[in-house]
Structures are given as structure tokens and as C-alpha cells.
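In what follows, a structure is listed as C-alpha cells, so that the remarks can point back to it.
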Amino acid sequence: LYARKCSIVEISGKDKKDFMYQNHIQGDANSSINIGLKHEDELVAVMTFSKERVIYNGKSEDGQYELIRYANKCGITVVGGFSRLLNYFITKYSPCKIKTFCDIRWSGLNHEQTVYSKCGFTYINDSKPNYWYMHKTDVLTRKHRYNFTKHSILKKHPELDSSLTEWELMKKLGFNRIWDCGNMRFELNIINKKE
């Protein structure tokens, strides 16, 4: 299916969430801007953005965004969908920089073969492997490790032994962890068309 035969729509958080859970291998993630491609009234691709997350550099700067997710509908390849949605976002929201990350488990190790490099993003670096937690009663729901610092665990559970490590505390609370292979980081710097 060619992107030029689709219409661009901004979609609700609920529609985005439903689409990502059904079509993205990592499910949904928080975003404030959700853009889709529709073909004959069927949503066939979605791209999501948010202001740059403070979690990465401790501050959020004007004009800096993060591309959070992109997915085609399962079983459909939307040729040119990524670039069409990206160009729409750049034209409408005038970002000065877009940052994004891709999971090496799914992308492979060659950054030049990713859709990001092919659409003008600059490869920055690979992150080290990271881990996520999941509770033994709900192994399909991964929880980011930033939600479980040793300080926050002890604040919620003062009865636990403060001499234990974060990992030891989490095991006592019934959690296990899963490691990934790290992420590739990309950035796209956009030249202001007015300059």
C-alpha cells in the first residue's frame, strides 16, 4: 500500500493505544502527538511523538521532540508511510530536533539499515544493555527500572532491609528482570525554513 494513497489524520490517545497494542511489538507508550495514515477509512500506520522526555537529560528544551513509536498495521506494508508521517509532523509542529531510539533486539546491529538512517536521522551511539522488571504474577507486563530505584522501593516498603541492593529488594517483592540488547540512538536536526 502506498502512503500517497492514504490520508493523514491526527488520532485520539485511545485509538493510538489500541493500534499500538495490536500492531507494535513493544505495545503502547506515552505520547502527546499521534498521527495516522488512513486508507479507505482504515487506520494502516501510526507515528507518535512527545516533547523530549526529561528522563534522558534532566531537562526539556523548546522545539525538541522524541519520536516514540511507529507501526504499520500487521500484514500491511505502507510504502513511504514513515517519511510521509515524519514530514507532516515537521511541517505542522516545527521541531528543531527529533530524537529517537530503536531496540537492537528488533533492528539488528547495522544502523545504516534502519528506517531512521534511510530517512535522514544521524546515528549517535548504542546504549548498554538495560533491564526491565516484571512481577511473577504478571510476567507479560514489563516495568521500567526507573520506577524502582532503591530509594523509592524503601520509601514504599520501609519494612525491608535497607542494606539489600535494588535487585535483592525487588526479588523479595516478587519481581524478576529481563535484559535487552541496548538501543541505538538517532537524532534529526531540522533547519528552520525561515532562516
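All residue names refer to the C-alpha cells as shown: chains lettered A, B, ... in order, residues numbered from 1 in each chain, ligands numbered from 1 in order.
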Nearby residues (only C-alpha atoms) at most 9 Å from stretch 152-156 of chain A, same-chain spacing under 4 positions excluded, as a ChimeraX atom specification: /A:147-148,160-162,166,169-170
For the residues selected in the previous step, produce a file with N, CA, C and O atoms as a compact mmCIF listing (two decimals), in the first residue's frame.
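Final output, saved to result_17.txt:
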# COMPACT_ATOMS: atom_id res chain seq x y z
N ASN A 147 11.37 3.15 37.63
CA ASN A 147 10.27 3.19 38.61
C ASN A 147 10.65 2.51 39.92
O ASN A 147 9.88 2.55 40.86
N PHE A 148 11.83 1.86 39.94
CA PHE A 148 12.19 1.04 41.10
C PHE A 148 13.61 1.33 41.58
O PHE A 148 14.43 0.43 41.70
N LEU A 160 11.47 -3.34 54.65
CA LEU A 160 12.53 -4.10 54.02
C LEU A 160 13.91 -3.68 54.53
O LEU A 160 14.10 -2.55 55.01
N ASP A 161 14.86 -4.55 54.41
CA ASP A 161 16.23 -4.34 54.88
C ASP A 161 16.96 -3.36 53.95
O ASP A 161 17.19 -3.66 52.77
N SER A 162 17.35 -2.19 54.47
CA SER A 162 17.98 -1.16 53.65
C SER A 162 19.41 -1.51 53.22
O SER A 162 19.99 -0.84 52.37
N GLU A 166 19.10 -2.97 45.17
CA GLU A 166 17.82 -2.81 44.45
C GLU A 166 17.32 -4.17 43.96
O GLU A 166 16.15 -4.52 44.13
N LEU A 169 16.06 -6.37 46.76
CA LEU A 169 14.76 -5.87 47.24
C LEU A 169 13.64 -6.28 46.28
O LEU A 169 12.56 -6.72 46.71
N MET A 170 13.89 -6.14 44.99
CA MET A 170 12.87 -6.48 44.01
C MET A 170 12.54 -7.97 44.05
O MET A 170 11.38 -8.37 43.90
DSSP-assigned helix (DSSP H, G or I) members of stretch 1-82 of chain A, reported as a PyMOL selection string: chain A and resi 3-5+13-23+54-57+81-82
Can I get the selected residues back with C-alpha atoms, as a PDB file, in the first residue's frame?
ATOM      1  CA  ALA A   3       1.434   6.220   1.581  1.00  0.00           C
ATOM      2  CA  ARG A   4       0.492   8.737  -1.112  1.00  0.00           C
ATOM      3  CA  LYS A   5      -2.860   6.932  -1.469  1.00  0.00           C
ATOM      4  CA  GLY A  13      -4.955   8.672  22.563  1.00  0.00           C
ATOM      5  CA  LYS A  14      -7.371   5.763  22.787  1.00  0.00           C
ATOM      6  CA  ASP A  15      -7.175   4.975  19.062  1.00  0.00           C
ATOM      7  CA  LYS A  16      -3.373   5.219  19.202  1.00  0.00           C
ATOM      8  CA  LYS A  17      -3.204   2.946  22.240  1.00  0.00           C
ATOM      9  CA  ASP A  18      -5.457   0.322  20.639  1.00  0.00           C
ATOM     10  CA  PHE A  19      -3.451   0.421  17.395  1.00  0.00           C
ATOM     11  CA  MET A  20      -0.076   0.095  19.114  1.00  0.00           C
ATOM     12  CA  TYR A  21      -1.154  -2.794  21.335  1.00  0.00           C
ATOM     13  CA  GLN A  22      -2.389  -4.637  18.261  1.00  0.00           C
ATOM     14  CA  ASN A  23       0.472  -3.771  15.886  1.00  0.00           C
ATOM     15  CA  VAL A  54      13.223  14.668  30.979  1.00  0.00           C
ATOM     16  CA  ILE A  55      14.338  11.168  31.986  1.00  0.00           C
ATOM     17  CA  TYR A  56      17.127  11.275  29.392  1.00  0.00           C
ATOM     18  CA  ASN A  57      18.867  14.577  30.044  1.00  0.00           C
ATOM     19  CA  GLY A  81       4.487   5.750   5.439  1.00  0.00           C
ATOM     20  CA  PHE A  82       7.299   6.594   7.842  1.00  0.00           C
TER      21      PHE A  82
END
Every residue of stretch 38-113 of chain A that DSSP places in strand (DSSP E or B), as a list in words: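 After running DSSP on the backbone, stretch 38-113 of chain A has strand (DSSP E or B) at Lys38, His39, Glu42, Leu43, Val44, Ala45, Val46, Met47, Thr48, Phe49, Ser50, Lys51, Gln64, Tyr65, Glu66, Leu67, Ile68, Arg69, Tyr70, Ala71, Asn72, Val79, Lys97, Ile98, Lys99, Thr100, Phe101, Cys102 and Asp103 of chain A.
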Non-local contacts of A:Asp62 (9 Å; only C-alpha atoms; under 3 positions in same chain excluded) as a PyMOL selection string: chain A and resi 51-52+65+95-96
Shell around A:Phe89 at 12 Å using only C-alpha atoms, local window under 2 positions removed, as a ChimeraX atom specification: /A:8-10,33-36,46-50,65-67,82-87,91-98,190
With N, CA and C atoms retained, export the selected residues as a compact mmCIF listing (two decimals), in the first residue's frame.
# COMPACT_ATOMS: atom_id res chain seq x y z
N ILE A 8 -3.75 11.65 5.88
CA ILE A 8 -3.12 11.85 7.19
C ILE A 8 -4.17 12.36 8.17
N VAL A 9 -4.21 11.74 9.35
CA VAL A 9 -5.16 12.15 10.39
C VAL A 9 -4.45 12.19 11.73
N GLU A 10 -4.88 13.11 12.59
CA GLU A 10 -4.42 13.09 13.98
C GLU A 10 -5.45 12.29 14.75
N ILE A 33 1.41 13.54 20.75
CA ILE A 33 1.03 13.80 19.37
C ILE A 33 0.95 12.45 18.65
N ASN A 34 -0.22 12.15 18.10
CA ASN A 34 -0.46 10.85 17.49
C ASN A 34 -1.02 11.05 16.08
N ILE A 35 -0.24 10.63 15.09
CA ILE A 35 -0.58 10.88 13.70
C ILE A 35 -0.74 9.54 12.98
N GLY A 36 -1.77 9.44 12.16
CA GLY A 36 -2.00 8.19 11.46
C GLY A 36 -2.21 8.37 9.97
N VAL A 46 0.70 4.36 12.17
CA VAL A 46 0.65 5.38 13.22
C VAL A 46 2.07 5.73 13.64
N MET A 47 2.30 7.03 13.84
CA MET A 47 3.57 7.55 14.37
C MET A 47 3.24 8.46 15.54
N THR A 48 4.00 8.32 16.64
CA THR A 48 3.71 9.11 17.84
C THR A 48 4.94 9.88 18.30
N PHE A 49 4.68 11.04 18.91
CA PHE A 49 5.74 11.93 19.39
C PHE A 49 5.38 12.47 20.77
N SER A 50 6.41 12.94 21.47
CA SER A 50 6.20 13.72 22.69
C SER A 50 7.34 14.71 22.79
N TYR A 65 11.82 17.15 20.36
CA TYR A 65 10.81 16.11 20.48
C TYR A 65 11.46 14.74 20.43
N GLU A 66 10.69 13.77 20.86
CA GLU A 66 11.11 12.38 20.70
C GLU A 66 10.08 11.64 19.87
N LEU A 67 10.55 10.93 18.87
CA LEU A 67 9.69 10.03 18.10
C LEU A 67 9.58 8.77 18.95
N PHE A 82 6.46 5.96 6.82
CA PHE A 82 7.30 6.59 7.84
C PHE A 82 7.67 8.01 7.43
N SER A 83 8.18 8.18 6.21
CA SER A 83 8.63 9.50 5.78
C SER A 83 7.46 10.48 5.60
N ARG A 84 6.31 9.98 5.17
CA ARG A 84 5.17 10.87 4.99
C ARG A 84 4.68 11.41 6.34
N LEU A 85 4.58 10.54 7.34
CA LEU A 85 4.15 10.99 8.66
C LEU A 85 5.20 11.89 9.30
N LEU A 86 6.47 11.56 9.14
CA LEU A 86 7.54 12.39 9.69
C LEU A 86 7.51 13.78 9.08
N ASN A 87 7.37 13.87 7.76
CA ASN A 87 7.33 15.18 7.09
C ASN A 87 6.12 15.99 7.52
N THR A 91 6.43 19.67 9.34
CA THR A 91 5.74 20.83 8.77
C THR A 91 4.77 21.46 9.76
N LYS A 92 4.01 20.64 10.48
CA LYS A 92 2.98 21.18 11.38
C LYS A 92 3.54 21.66 12.72
N TYR A 93 4.51 20.95 13.28
CA TYR A 93 4.96 21.25 14.65
C TYR A 93 6.31 21.96 14.73
N SER A 94 6.99 22.15 13.63
CA SER A 94 8.25 22.90 13.54
C SER A 94 9.28 22.55 14.62
N PRO A 95 9.62 21.27 14.75
CA PRO A 95 10.65 20.92 15.74
C PRO A 95 12.03 21.38 15.25
N CYS A 96 12.94 21.61 16.20
CA CYS A 96 14.32 21.90 15.80
C CYS A 96 15.17 20.62 15.87
N LYS A 97 14.72 19.66 16.69
CA LYS A 97 15.44 18.40 16.80
C LYS A 97 14.46 17.30 17.16
N ILE A 98 14.66 16.13 16.56
CA ILE A 98 13.88 14.95 16.91
C ILE A 98 14.87 13.85 17.30
N ILE A 190 16.69 19.75 12.43
CA ILE A 190 15.91 20.36 11.37
C ILE A 190 16.30 21.82 11.23
